[in-house]
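**Student:** Structure: query28.tsv, TSV, C-alpha atoms.
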```
chain	number	residue	atom	x	y	z
A	1159	MET	CA	-2.67	-55.77	-30.00
A	1160	SER	CA	-0.77	-58.91	-28.91
A	1161	SER	CA	-0.84	-60.07	-25.29
A	1162	LYS	CA	2.84	-59.18	-25.01
A	1163	SER	CA	2.12	-55.64	-26.17
A	1164	GLU	CA	-0.84	-55.36	-23.83
A	1165	ASN	CA	1.27	-56.53	-20.91
A	1166	ALA	CA	4.01	-54.03	-21.79
A	1167	ALA	CA	1.47	-51.21	-22.05
A	1168	SER	CA	-0.08	-52.20	-18.72
A	1169	ALA	CA	3.35	-52.30	-17.04
A	1170	SER	CA	4.17	-48.88	-18.50
A	1171	ARG	CA	0.94	-47.42	-17.11
A	1172	GLN	CA	1.67	-48.95	-13.72
A	1173	ASP	CA	5.21	-47.53	-13.73
A	1174	GLN	CA	3.83	-44.10	-14.61
A	1175	ARG	CA	1.22	-44.34	-11.87
A	1176	THR	CA	3.90	-45.30	-9.33
A	1177	LEU	CA	6.15	-42.45	-10.45
A	1178	HIS	CA	3.34	-39.90	-10.25
A	1179	ARG	CA	2.44	-41.08	-6.75
A	1180	GLU	CA	6.05	-40.75	-5.61
A	1181	LEU	CA	6.20	-37.21	-6.97
A	1182	LEU	CA	2.93	-36.30	-5.24
A	1183	TYR	CA	4.13	-37.84	-1.97
A	1184	SER	CA	7.39	-35.87	-2.06
A	1185	MET	CA	5.66	-32.56	-2.74
A	1186	LEU	CA	3.01	-33.16	-0.10
A	1187	LEU	CA	5.61	-34.14	2.50
A	1188	GLN	CA	7.47	-30.89	1.87
A	1189	ARG	CA	4.26	-28.86	2.11
A	1190	ARG	CA	3.03	-30.41	5.35
A	1191	PHE	CA	6.50	-30.21	6.87
A	1192	GLU	CA	6.85	-26.52	6.05
A	1193	GLU	CA	3.38	-25.72	7.37
A	1194	ARG	CA	4.35	-27.22	10.71
A	1195	CYS	CA	7.68	-25.36	10.60
A	1196	ALA	CA	5.69	-22.12	10.44
A	1197	GLU	CA	3.77	-23.20	13.56
A	1198	MET	CA	6.94	-24.20	15.41
A	1199	TYR	CA	8.57	-20.88	14.56
A	1200	ALA	CA	5.53	-18.95	15.77
A	1201	ILE	CA	5.67	-20.62	19.21
A	1202	GLY	CA	9.43	-20.26	19.56
A	1203	ARG	CA	10.54	-23.85	18.98
A	1204	ILE	CA	12.52	-22.73	15.92
A	1205	GLY	CA	14.70	-19.65	16.21
A	1206	GLY	CA	16.85	-17.54	13.93
A	1207	PHE	CA	16.05	-17.26	10.25
A	1208	CYS	CA	13.52	-19.55	8.60
A	1209	HIS	CA	12.75	-19.46	4.86
A	1210	LEU	CA	9.86	-21.69	3.81
A	1211	TYR	CA	9.54	-23.47	0.46
A	1212	ILE	CA	5.75	-23.51	0.18
A	1213	GLY	CA	4.71	-23.12	-3.47
A	1214	GLN	CA	8.02	-24.24	-4.98
A	1215	GLU	CA	7.79	-27.98	-4.28
A	1216	ALA	CA	7.58	-28.99	-7.95
A	1217	VAL	CA	11.07	-27.58	-8.53
A	1218	SER	CA	12.86	-29.58	-5.85
A	1219	THR	CA	10.84	-32.71	-6.58
A	1220	GLY	CA	11.14	-32.60	-10.37
A	1221	VAL	CA	14.86	-31.89	-10.29
A	1222	ILE	CA	15.97	-34.24	-7.53
A	1223	ALA	CA	13.82	-37.17	-8.72
A	1224	GLN	CA	16.09	-37.36	-11.78
A	1225	LEU	CA	19.38	-37.48	-9.88
A	1226	ARG	CA	21.33	-40.61	-9.05
A	1227	PRO	CA	22.33	-41.35	-5.45
A	1228	ASP	CA	25.96	-40.44	-6.25
A	1229	ASP	CA	25.10	-37.07	-7.77
A	1230	TYR	CA	25.48	-33.84	-5.81
A	1231	ILE	CA	23.20	-30.99	-4.75
A	1232	ILE	CA	24.08	-27.52	-3.48
A	1233	THR	CA	21.56	-24.84	-2.70
A	1234	THR	CA	20.61	-21.61	-0.95
A	1235	TYR	CA	19.20	-20.98	2.52
A	1236	ARG	CA	15.66	-21.99	1.38
A	1237	ASP	CA	16.69	-25.62	1.68
A	1238	HIS	CA	14.26	-27.68	3.79
A	1239	GLY	CA	12.20	-28.88	0.82
A	1240	GLN	CA	15.23	-29.88	-1.21
A	1241	ALA	CA	16.70	-31.76	1.76
A	1242	LEU	CA	13.48	-33.75	2.15
A	1243	ALA	CA	13.23	-34.38	-1.59
A	1244	ARG	CA	16.77	-35.78	-1.52
A	1245	GLY	CA	15.84	-38.27	1.17
A	1246	MET	CA	16.95	-36.55	4.36
A	1247	THR	CA	14.59	-37.74	7.09
A	1248	PRO	CA	12.00	-35.33	8.49
A	1249	LYS	CA	13.41	-36.14	11.95
A	1250	ALA	CA	16.92	-35.03	10.94
A	1251	VAL	CA	15.64	-31.82	9.33
A	1252	MET	CA	13.29	-30.91	12.17
A	1253	SER	CA	15.96	-31.63	14.79
A	1254	GLU	CA	18.34	-29.34	12.92
A	1255	LEU	CA	15.70	-26.62	12.94
A	1256	PHE	CA	15.30	-27.11	16.68
A	1257	GLY	CA	19.09	-26.87	17.16
A	1258	ARG	CA	19.36	-30.39	18.57
A	1259	GLN	CA	22.05	-33.09	18.47
A	1260	ASP	CA	20.08	-35.38	16.16
A	1261	GLY	CA	19.93	-32.73	13.45
A	1262	CYS	CA	21.73	-33.35	10.17
A	1263	ALA	CA	24.46	-30.88	11.25
A	1264	LYS	CA	24.10	-31.65	14.97
A	1265	GLY	CA	21.99	-28.56	15.42
A	1266	LYS	CA	24.82	-26.20	14.48
A	1267	GLY	CA	23.56	-25.17	11.06
A	1268	GLY	CA	19.90	-24.52	11.61
A	1269	SER	CA	17.41	-23.65	8.91
A	1270	MET	CA	19.85	-22.25	6.38
A	1271	HIS	CA	22.53	-24.94	6.51
A	1272	MET	CA	21.13	-28.42	5.94
A	1273	PHE	CA	23.94	-30.82	5.05
A	1274	ASP	CA	24.37	-34.55	4.49
A	1275	LYS	CA	27.57	-35.91	2.97
A	1276	GLN	CA	26.12	-39.41	2.47
A	1277	LEU	CA	23.29	-37.98	0.38
A	1278	GLY	CA	25.61	-35.71	-1.62
A	1279	PHE	CA	23.69	-32.77	-0.16
A	1280	LEU	CA	26.43	-30.17	0.09
A	1281	GLY	CA	24.57	-27.62	2.07
A	1282	GLY	CA	22.27	-24.73	2.12
A	1283	HIS	CA	24.33	-21.52	1.93
A	1284	GLY	CA	23.48	-18.16	3.45
A	1285	ILE	CA	25.52	-15.87	1.20
A	1286	VAL	CA	23.54	-14.96	-1.92
A	1287	GLY	CA	25.41	-16.45	-4.88
A	1288	GLY	CA	28.33	-17.60	-2.75
A	1289	HIS	CA	27.67	-21.27	-3.43
A	1290	VAL	CA	27.60	-21.04	-7.24
A	1291	PRO	CA	31.42	-21.07	-7.61
A	1292	ILE	CA	31.49	-24.02	-5.18
A	1293	ALA	CA	29.17	-25.86	-7.58
A	1294	ALA	CA	31.61	-25.19	-10.41
A	1295	GLY	CA	34.38	-26.51	-8.17
A	1296	VAL	CA	32.45	-29.72	-7.54
A	1297	GLY	CA	31.90	-30.04	-11.29
A	1298	PHE	CA	35.63	-29.62	-11.83
A	1299	ALA	CA	36.38	-32.30	-9.21
A	1300	ILE	CA	33.97	-34.74	-10.90
A	1301	LYS	CA	35.66	-34.22	-14.26
A	1302	TYR	CA	39.18	-34.32	-12.78
A	1303	ARG	CA	38.44	-37.68	-11.18
A	1304	GLY	CA	36.93	-39.08	-14.36
A	1305	GLY	CA	33.43	-39.57	-12.92
A	1306	ASP	CA	30.07	-39.17	-14.63
A	1307	GLN	CA	28.15	-37.59	-11.77
A	1308	VAL	CA	26.48	-34.20	-12.06
A	1309	ILE	CA	25.91	-31.40	-9.59
A	1310	ALA	CA	22.57	-29.61	-9.39
A	1311	CYS	CA	23.01	-26.05	-8.16
A	1312	PHE	CA	19.82	-24.30	-6.98
A	1313	MET	CA	19.66	-20.52	-6.68
A	1314	GLY	CA	17.17	-17.67	-6.57
A	1315	GLU	CA	16.78	-15.23	-9.45
A	1316	SER	CA	18.51	-12.42	-7.54
A	1317	VAL	CA	21.76	-14.43	-7.76
A	1318	VAL	CA	22.09	-13.66	-11.48
A	1319	ASN	CA	23.05	-10.07	-10.65
A	1320	THR	CA	26.11	-11.10	-8.64
A	1321	GLY	CA	29.65	-11.41	-9.93
A	1322	ALA	CA	30.04	-14.92	-8.51
A	1323	PHE	CA	27.25	-16.15	-10.80
A	1324	HIS	CA	28.92	-14.89	-13.96
A	1325	GLU	CA	32.40	-16.03	-12.99
A	1326	ALA	CA	31.15	-19.52	-12.17
A	1327	LEU	CA	29.09	-19.90	-15.36
A	1328	ASN	CA	31.97	-18.67	-17.49
A	1329	MET	CA	34.33	-21.22	-15.94
A	1330	ALA	CA	31.77	-24.03	-16.19
A	1331	ALA	CA	31.23	-23.34	-19.89
A	1332	LEU	CA	34.92	-22.81	-20.63
A	1333	TRP	CA	36.01	-26.02	-18.90
A	1334	LYS	CA	32.87	-27.99	-19.87
A	1335	LEU	CA	31.84	-28.97	-16.37
A	1336	PRO	CA	28.90	-31.31	-15.54
A	1337	CYS	CA	26.83	-28.66	-13.73
A	1338	VAL	CA	23.12	-27.93	-13.95
A	1339	PHE	CA	22.49	-24.38	-12.75
A	1340	ILE	CA	18.86	-24.05	-11.63
A	1341	ILE	CA	17.38	-20.59	-11.16
A	1342	GLU	CA	14.27	-20.84	-8.98
A	1343	ASN	CA	12.67	-17.67	-10.24
A	1344	ASN	CA	9.99	-16.90	-7.65
A	1345	ARG	CA	9.90	-13.28	-8.91
A	1346	TYR	CA	11.09	-11.59	-5.72
A	1347	GLY	CA	14.57	-11.23	-4.25
A	1348	MET	CA	13.36	-10.62	-0.70
A	1349	GLY	CA	10.93	-7.78	-1.49
A	1350	THR	CA	12.38	-6.60	-4.81
A	1351	ALA	CA	10.54	-7.61	-7.98
A	1352	LEU	CA	12.64	-9.11	-10.78
A	1353	GLU	CA	11.65	-6.27	-13.13
A	1354	ARG	CA	13.14	-3.70	-10.74
A	1355	ALA	CA	16.46	-5.52	-10.40
A	1356	SER	CA	17.27	-7.12	-13.74
A	1357	SER	CA	17.62	-5.49	-17.15
A	1358	ILE	CA	16.79	-8.90	-18.65
A	1359	HIS	CA	13.46	-10.35	-17.61
A	1360	ASP	CA	13.96	-13.68	-19.42
A	1361	ILE	CA	16.95	-14.46	-17.29
A	1362	TYR	CA	17.68	-17.86	-18.82
A	1363	LYS	CA	19.01	-15.85	-21.76
A	1364	ARG	CA	22.00	-14.89	-19.65
A	1365	GLY	CA	23.38	-18.32	-20.49
A	1366	ALA	CA	23.91	-17.08	-24.06
A	1367	SER	CA	26.79	-14.95	-22.80
A	1368	TYR	CA	28.71	-18.18	-22.16
A	1369	ASP	CA	27.37	-20.19	-25.11
A	1370	MET	CA	25.67	-22.41	-22.56
A	1371	PRO	CA	22.56	-24.53	-23.30
A	1372	ARG	CA	19.60	-22.91	-21.57
A	1373	ASP	CA	15.85	-23.21	-21.19
A	1374	VAL	CA	12.85	-21.79	-19.34
A	1375	VAL	CA	10.55	-24.18	-17.50
A	1376	ASP	CA	7.11	-24.03	-15.86
A	1377	GLY	CA	8.03	-24.49	-12.22
A	1378	GLN	CA	4.48	-25.31	-11.14
A	1379	ASP	CA	4.42	-28.43	-13.34
A	1380	VAL	CA	6.51	-31.18	-11.74
A	1381	LEU	CA	6.54	-33.25	-14.93
A	1382	ALA	CA	7.81	-30.32	-17.00
A	1383	VAL	CA	10.59	-29.75	-14.47
A	1384	ARG	CA	11.45	-33.44	-14.49
A	1385	LYS	CA	11.66	-33.53	-18.30
A	1386	ALA	CA	13.90	-30.47	-18.52
A	1387	MET	CA	16.19	-31.85	-15.83
A	1388	ALA	CA	16.47	-35.21	-17.60
A	1389	GLU	CA	17.71	-33.48	-20.74
A	1390	SER	CA	20.17	-31.37	-18.76
A	1391	ILE	CA	21.53	-34.39	-16.89
A	1392	GLU	CA	22.05	-36.35	-20.10
A	1393	ARG	CA	24.00	-33.43	-21.55
A	1394	ALA	CA	26.14	-33.22	-18.42
A	1395	ARG	CA	26.87	-36.96	-18.25
A	1396	LYS	CA	27.50	-37.65	-21.92
A	1397	GLU	CA	29.03	-34.37	-23.06
A	1398	SER	CA	30.22	-32.86	-19.75
A	1399	MET	CA	28.32	-29.72	-20.66
A	1400	PRO	CA	26.63	-27.35	-18.20
A	1401	THR	CA	23.05	-26.10	-18.57
A	1402	LEU	CA	21.22	-23.04	-17.23
A	1403	LEU	CA	17.56	-23.63	-16.38
A	1404	GLU	CA	15.25	-20.82	-15.39
A	1405	ILE	CA	12.39	-22.52	-13.56
A	1406	ARG	CA	9.57	-20.05	-13.02
A	1407	THR	CA	7.80	-20.63	-9.74
A	1408	TYR	CA	6.28	-18.64	-6.88
A	1409	ARG	CA	6.53	-18.70	-3.12
A	1410	PHE	CA	3.18	-18.62	-1.37
A	1411	MET	CA	4.76	-17.39	1.87
A	1412	GLY	CA	6.87	-14.34	2.61
A	1413	HIS	CA	10.60	-14.27	1.97
A	1414	SER	CA	11.16	-15.47	5.53
A	1415	MET	CA	9.08	-15.86	8.65
A	1416	SER	CA	9.70	-12.19	9.46
A	1417	ASP	CA	8.01	-11.17	6.20
A	1418	ALA	CA	4.22	-10.97	5.90
A	1419	VAL	CA	2.64	-13.48	3.51
A	1420	SER	CA	1.78	-10.93	0.85
A	1421	GLY	CA	4.20	-8.33	2.14
A	1422	THR	CA	4.14	-4.71	1.04
A	1423	TYR	CA	5.72	-5.47	-2.32
A	1424	ARG	CA	3.05	-7.69	-3.89
A	1425	THR	CA	-0.73	-7.58	-3.86
A	1426	LYS	CA	-3.09	-10.13	-2.38
A	1427	GLU	CA	-4.68	-10.35	-5.84
A	1428	GLU	CA	-1.36	-11.42	-7.35
A	1429	LEU	CA	-0.87	-14.06	-4.68
A	1430	GLU	CA	-4.40	-15.38	-5.21
A	1431	GLN	CA	-3.76	-15.74	-8.94
A	1432	TYR	CA	-0.63	-17.80	-8.34
A	1433	LEU	CA	-2.39	-19.93	-5.75
A	1434	LYS	CA	-4.61	-21.17	-8.57
A	1435	ARG	CA	-1.50	-22.88	-9.96
A	1436	ASP	CA	-0.50	-24.65	-6.78
A	1437	PRO	CA	1.90	-27.37	-8.02
A	1438	ILE	CA	0.44	-30.00	-5.70
A	1439	VAL	CA	-3.13	-29.29	-6.76
A	1440	LEU	CA	-2.19	-29.33	-10.45
A	1441	HIS	CA	-0.39	-32.67	-10.20
A	1442	ARG	CA	-3.11	-34.22	-8.03
A	1443	GLN	CA	-5.80	-33.12	-10.48
A	1444	ARG	CA	-3.88	-34.58	-13.40
A	1445	MET	CA	-3.61	-37.89	-11.56
A	1446	GLU	CA	-7.31	-37.92	-10.67
A	1447	ASP	CA	-8.28	-37.14	-14.26
A	1448	ALA	CA	-6.11	-40.03	-15.47
A	1449	GLY	CA	-7.61	-42.43	-12.93
A	1450	GLU	CA	-4.25	-42.85	-11.19
A	1451	ILE	CA	-5.46	-41.95	-7.71
A	1452	THR	CA	-8.72	-41.48	-5.83
A	1453	ALA	CA	-9.77	-38.83	-3.34
A	1454	GLU	CA	-9.72	-41.49	-0.62
A	1455	GLU	CA	-6.14	-42.47	-1.47
A	1456	ILE	CA	-5.06	-38.84	-1.38
A	1457	THR	CA	-6.65	-38.39	2.05
A	1458	ALA	CA	-4.89	-41.50	3.32
A	1459	MET	CA	-1.55	-40.31	1.94
A	1460	ASP	CA	-2.06	-36.90	3.53
A	1461	GLU	CA	-2.89	-38.39	6.93
A	1462	GLU	CA	0.18	-40.64	6.78
A	1463	ILE	CA	2.40	-37.66	5.99
A	1464	LYS	CA	0.90	-35.54	8.77
A	1465	LYS	CA	1.66	-38.34	11.20
A	1466	ILE	CA	5.27	-38.54	9.99
A	1467	VAL	CA	5.71	-34.79	10.40
A	1468	GLN	CA	4.25	-34.88	13.91
A	1469	GLU	CA	6.66	-37.69	14.77
A	1470	SER	CA	9.54	-35.53	13.55
A	1471	ILE	CA	8.43	-32.74	15.92
A	1472	ASP	CA	8.15	-35.15	18.84
A	1473	PHE	CA	11.59	-36.56	18.00
A	1474	ALA	CA	13.15	-33.09	17.80
A	1475	GLU	CA	11.60	-32.09	21.11
A	1476	ALA	CA	13.16	-35.15	22.76
A	1477	SER	CA	16.56	-34.76	21.10
A	1478	PRO	CA	19.16	-33.28	23.49
A	1479	GLU	CA	20.82	-29.94	23.02
A	1480	LEU	CA	24.56	-29.91	22.39
A	1481	PRO	CA	26.89	-29.55	25.37
A	1482	LEU	CA	29.03	-26.41	25.52
A	1483	ALA	CA	32.16	-28.40	24.63
A	1484	ALA	CA	30.64	-29.25	21.23
A	1485	LEU	CA	31.31	-25.67	20.11
A	1486	MET	CA	34.93	-26.66	19.54
A	1487	GLU	CA	34.10	-29.78	17.53
A	1488	ASP	CA	33.80	-30.13	13.74
A	1489	ILE	CA	35.81	-26.97	13.06
A	1490	LEU	CA	38.44	-28.65	10.88
A	1491	VAL	CA	38.25	-31.88	8.92
A	1492	GLU	CA	40.94	-34.21	7.68
A	1493	THR	CA	40.61	-34.90	3.96
A	1494	THR	CA	42.10	-37.53	1.68
A	1495	SER	CA	41.43	-35.90	-1.68
```
Any chance you could give the structure as structure tokens?
**Tutor:**
Amino acid sequence: MSSKSENAASASRQDQRTLHRELLYSMLLQRRFEERCAEMYAIGRIGGFCHLYIGQEAVSTGVIAQLRPDDYIITTYRDHGQALARGMTPKAVMSELFGRQDGCAKGKGGSMHMFDKQLGFLGGHGIVGGHVPIAAGVGFAIKYRGGDQVIACFMGESVVNTGAFHEALNMAALWKLPCVFIIENNRYGMGTALERASSIHDIYKRGASYDMPRDVVDGQDVLAVRKAMAESIERARKESMPTLLEIRTYRFMGHSMSDAVSGTYRTKEELEQYLKRDPIVLHRQRMEDAGEITAEEITAMDEEIKKIVQESIDFAEASPELPLAALMEDILVETTS
């Protein structure tokens, strides 16, 4: 092998190592942040609804790592992890959870409604399936303006049984819109198993009804998610064609903080089996086996992240609450488009 080839190979390995570290960092940040959210909810610092993302970090990380800064994201109420993966600061997310002025929506949205226009993060949405037509609308706007951005639309598997889902996918396929529809199939819509709610268990096949490209992906493997998303994005940018991805994952927590970890609808044995495929553990092990990271480096990364999360809690605690007059602000917005 020539020295030029050796240098190229070495640079490629270094790039891969850097990428893998960034993916691990993102997933670990989401995990440690959500663990502390559970603590803050338990002691009353966070109120209202709170849906944690623990176990699904490879989906948000693998998908969002492939997006450009000018692309768009829209998602459900389980949105903390995706907001962090997109680059929203832990301080802004935690302050929003605390209902404080320094939150990304000035404390008015709370857990279910993270939003950041500058990041193209178009919100967590509380109505099941209600955001999917909005995603199609964003795709239409991109095409109408002649852009080459894409919109990634996250949803749970229970969304596929709603009319909004089918209407939106039909329009996206008919009009050839640059949308990537991502089903985060964690097997349970609240406490209802997929098999009890859907006549089709391989739900990515629903895309066939609209002649839409579709695939099923291992949602515990961040690199598999990343690869599938890259292919979907290329299709959207170059051909303005939508894709339906069913990414099979699993939440290690209950549906929300009001739901027991294993709940009454799944067994502890089932949960323990899925815990063996923790996406962070799988990716970390792959990196260790490849000599890309050491146990000491992982510990140092973890300690750094824990410190950042604690700083976000301290920041949120110090952030002021909104004055009563703020209730009448941000109700309407002037637009230019």
**Student:** Out of A:Gly1449, A:Asp1173, A:Glu1427, A:Val1308, which residue has the shortest atom-to-atom distance to A:Glu1392 when counting only C-alpha atoms?
**Tutor:**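 Smallest separation from A:Glu1392 among the options: A:Val1308.
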**Student:** What is the distance, in Å and to one decimal place, between atom CA of A:Gly1239 and atom CA of A:Ala1484?
**Tutor:** 27.5 Å
**Student:** Would you mind listing what lies within 10 Å of A:Tyr1362 as a list in words, with all atoms listed in the file counted and same-chain residues fewer than 3 positions away left out?
**Tutor:**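 The contact residues come out as Glu1315, Val1318, Ile1340, Ile1341, Asn1343, Ile1358, His1359, Gly1365, Ala1366, Met1370, Pro1371, Arg1372, Asp1373, Val1374, Val1375, Thr1401, Leu1402, Leu1403, Glu1404 and Ile1405 of chain A.
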**Student:** Write out as a ChimeraX atom specification each polymer residue whose atoms come within 7 Å of stretch 1218-1226 of chain A, counting all atoms listed in the file; drop sequence neighbours fewer than 3 positions from it.
**Tutor:** /A:1181,1184-1185,1215,1229,1239-1240,1243-1244,1380-1381,1383-1384,1387-1388
**Student:** Using all atoms listed in the file for the distances, tell me which of A:Phe1339, A:Phe1273, A:Phe1256, A:Tyr1408 is nearest to A:Cys1195.
**Tutor:**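 Checking each candidate against A:Cys1195, we get A:Phe1256 as the closest.
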**Student:** List the neighbours of A:Ala1299 out to 12 Å using only C-alpha atoms; skip same-chain residues closer than 5 positions along the sequence, and give me the result as a list in words.
**Tutor:**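 Residues near the query, excluding close chain neighbours: Tyr1230, Ile1292, Ala1293, Ala1294, Gly1304, Gly1305, Asp1306, Gln1307, Val1308, Ile1309, Ala1330, Trp1333, Leu1335, Pro1336, Cys1337 and Ser1495 of chain A.
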**Student:** I'd like to know which of A:Leu1210, A:Ile1438, A:Ile1232, A:Leu1485 is closest to A:Gly1282, using all atoms listed in the file.
**Tutor:**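 Looking only at the distances to A:Gly1282, the closest residue turns out to be A:Ile1232.
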**Student:** Using all atoms listed in the file, which residues sit within 7 Å of stretch 1409-1416 of chain A once same-chain residues fewer than 6 positions away are excluded, as a list in words?
**Tutor:**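 My reading of the contact set: Cys1208, His1209, Leu1210, Tyr1211, Ile1212, Gly1213, Gln1214, Asn1344, Met1348 and Leu1429 of chain A.
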**Student:** Pick out the closest residue to A:Val1286 from this set: A:Gln1378, A:Ser1398, A:Gln1468, A:Asn1319. Count only C-alpha atoms.
**Tutor:**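 Closest residue, counting only C-alpha atoms: A:Asn1319.
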**Student:** I'd like the neighbourhood of A:Gly1287 as a list of chain:residue names, where a residue qualifies if any of its atoms comes within 7 Å (using only C-alpha atoms), though same-chain residues fewer than 6 positions away should be ignored.
**Tutor:** A:Val1317, A:Thr1320, A:Ala1322, A:Phe1323
**Student:** What separation in Å, quoted to one decimal, exists between atom CA of A:Arg1189 and atom CA of A:Ile1201?
**Tutor:**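 Straight-line distance from atom CA of A:Arg1189 to atom CA of A:Ile1201 works out to 19.0 Å.
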**Student:** In Å, how far is it from atom CA of A:Phe1473 to atom CA of A:Ala1216?
**Tutor:** 27.3 Å
**Student:** From the set A:Leu1440, A:Ala1474, A:Leu1280, A:Ile1231, which residue has the shortest atom-to-atom contact distance to A:Val1338, counting all atoms listed in the file?
**Tutor:**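 Of the candidates, the smallest distance to A:Val1338 is held by A:Ile1231.
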**Student:** Take stretch 1434-1445 of chain A, bring it up to N, CA, C and O atoms, and give me the output as a PDB file, keeping the file's coordinate frame.
**Tutor:**
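The result, stored in selection.pdb:
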```pdb
ATOM      1  N   LYS A1434      -3.809 -20.342  -7.672  1.00  0.00           N
ATOM      2  CA  LYS A1434      -4.610 -21.170  -8.570  1.00  0.00           C
ATOM      3  C   LYS A1434      -3.743 -22.186  -9.310  1.00  0.00           C
ATOM      4  O   LYS A1434      -4.264 -23.153  -9.872  1.00  0.00           O
ATOM      5  N   ARG A1435      -2.421 -21.942  -9.319  1.00  0.00           N
ATOM      6  CA  ARG A1435      -1.500 -22.880  -9.960  1.00  0.00           C
ATOM      7  C   ARG A1435      -0.599 -23.540  -8.917  1.00  0.00           C
ATOM      8  O   ARG A1435       0.590 -23.723  -9.128  1.00  0.00           O
ATOM      9  N   ASP A1436      -1.207 -23.903  -7.816  1.00  0.00           N
ATOM     10  CA  ASP A1436      -0.500 -24.650  -6.780  1.00  0.00           C
ATOM     11  C   ASP A1436       0.035 -25.936  -7.413  1.00  0.00           C
ATOM     12  O   ASP A1436      -0.748 -26.717  -7.980  1.00  0.00           O
ATOM     13  N   PRO A1437       1.345 -26.200  -7.342  1.00  0.00           N
ATOM     14  CA  PRO A1437       1.900 -27.370  -8.020  1.00  0.00           C
ATOM     15  C   PRO A1437       1.347 -28.696  -7.532  1.00  0.00           C
ATOM     16  O   PRO A1437       1.216 -29.649  -8.303  1.00  0.00           O
ATOM     17  N   ILE A1438       0.992 -28.762  -6.251  1.00  0.00           N
ATOM     18  CA  ILE A1438       0.440 -30.000  -5.700  1.00  0.00           C
ATOM     19  C   ILE A1438      -0.972 -30.228  -6.229  1.00  0.00           C
ATOM     20  O   ILE A1438      -1.332 -31.333  -6.643  1.00  0.00           O
ATOM     21  N   VAL A1439      -1.758 -29.182  -6.251  1.00  0.00           N
ATOM     22  CA  VAL A1439      -3.130 -29.290  -6.760  1.00  0.00           C
ATOM     23  C   VAL A1439      -3.131 -29.663  -8.237  1.00  0.00           C
ATOM     24  O   VAL A1439      -3.906 -30.527  -8.674  1.00  0.00           O
ATOM     25  N   LEU A1440      -2.249 -29.049  -9.020  1.00  0.00           N
ATOM     26  CA  LEU A1440      -2.190 -29.330 -10.450  1.00  0.00           C
ATOM     27  C   LEU A1440      -1.828 -30.789 -10.716  1.00  0.00           C
ATOM     28  O   LEU A1440      -2.431 -31.461 -11.558  1.00  0.00           O
ATOM     29  N   HIS A1441      -0.827 -31.289  -9.986  1.00  0.00           N
ATOM     30  CA  HIS A1441      -0.390 -32.670 -10.200  1.00  0.00           C
ATOM     31  C   HIS A1441      -1.451 -33.659  -9.711  1.00  0.00           C
ATOM     32  O   HIS A1441      -1.721 -34.665 -10.379  1.00  0.00           O
ATOM     33  N   ARG A1442      -2.052 -33.354  -8.568  1.00  0.00           N
ATOM     34  CA  ARG A1442      -3.110 -34.220  -8.030  1.00  0.00           C
ATOM     35  C   ARG A1442      -4.292 -34.294  -8.998  1.00  0.00           C
ATOM     36  O   ARG A1442      -4.827 -35.380  -9.257  1.00  0.00           O
ATOM     37  N   GLN A1443      -4.674 -33.153  -9.549  1.00  0.00           N
ATOM     38  CA  GLN A1443      -5.800 -33.120 -10.480  1.00  0.00           C
ATOM     39  C   GLN A1443      -5.501 -33.923 -11.729  1.00  0.00           C
ATOM     40  O   GLN A1443      -6.360 -34.656 -12.243  1.00  0.00           O
ATOM     41  N   ARG A1444      -4.278 -33.821 -12.218  1.00  0.00           N
ATOM     42  CA  ARG A1444      -3.880 -34.580 -13.400  1.00  0.00           C
ATOM     43  C   ARG A1444      -3.973 -36.088 -13.124  1.00  0.00           C
ATOM     44  O   ARG A1444      -4.418 -36.857 -13.962  1.00  0.00           O
ATOM     45  N   MET A1445      -3.540 -36.484 -11.922  1.00  0.00           N
ATOM     46  CA  MET A1445      -3.610 -37.890 -11.560  1.00  0.00           C
ATOM     47  C   MET A1445      -5.051 -38.370 -11.427  1.00  0.00           C
ATOM     48  O   MET A1445      -5.400 -39.472 -11.875  1.00  0.00           O
TER      49      MET A1445
END
```
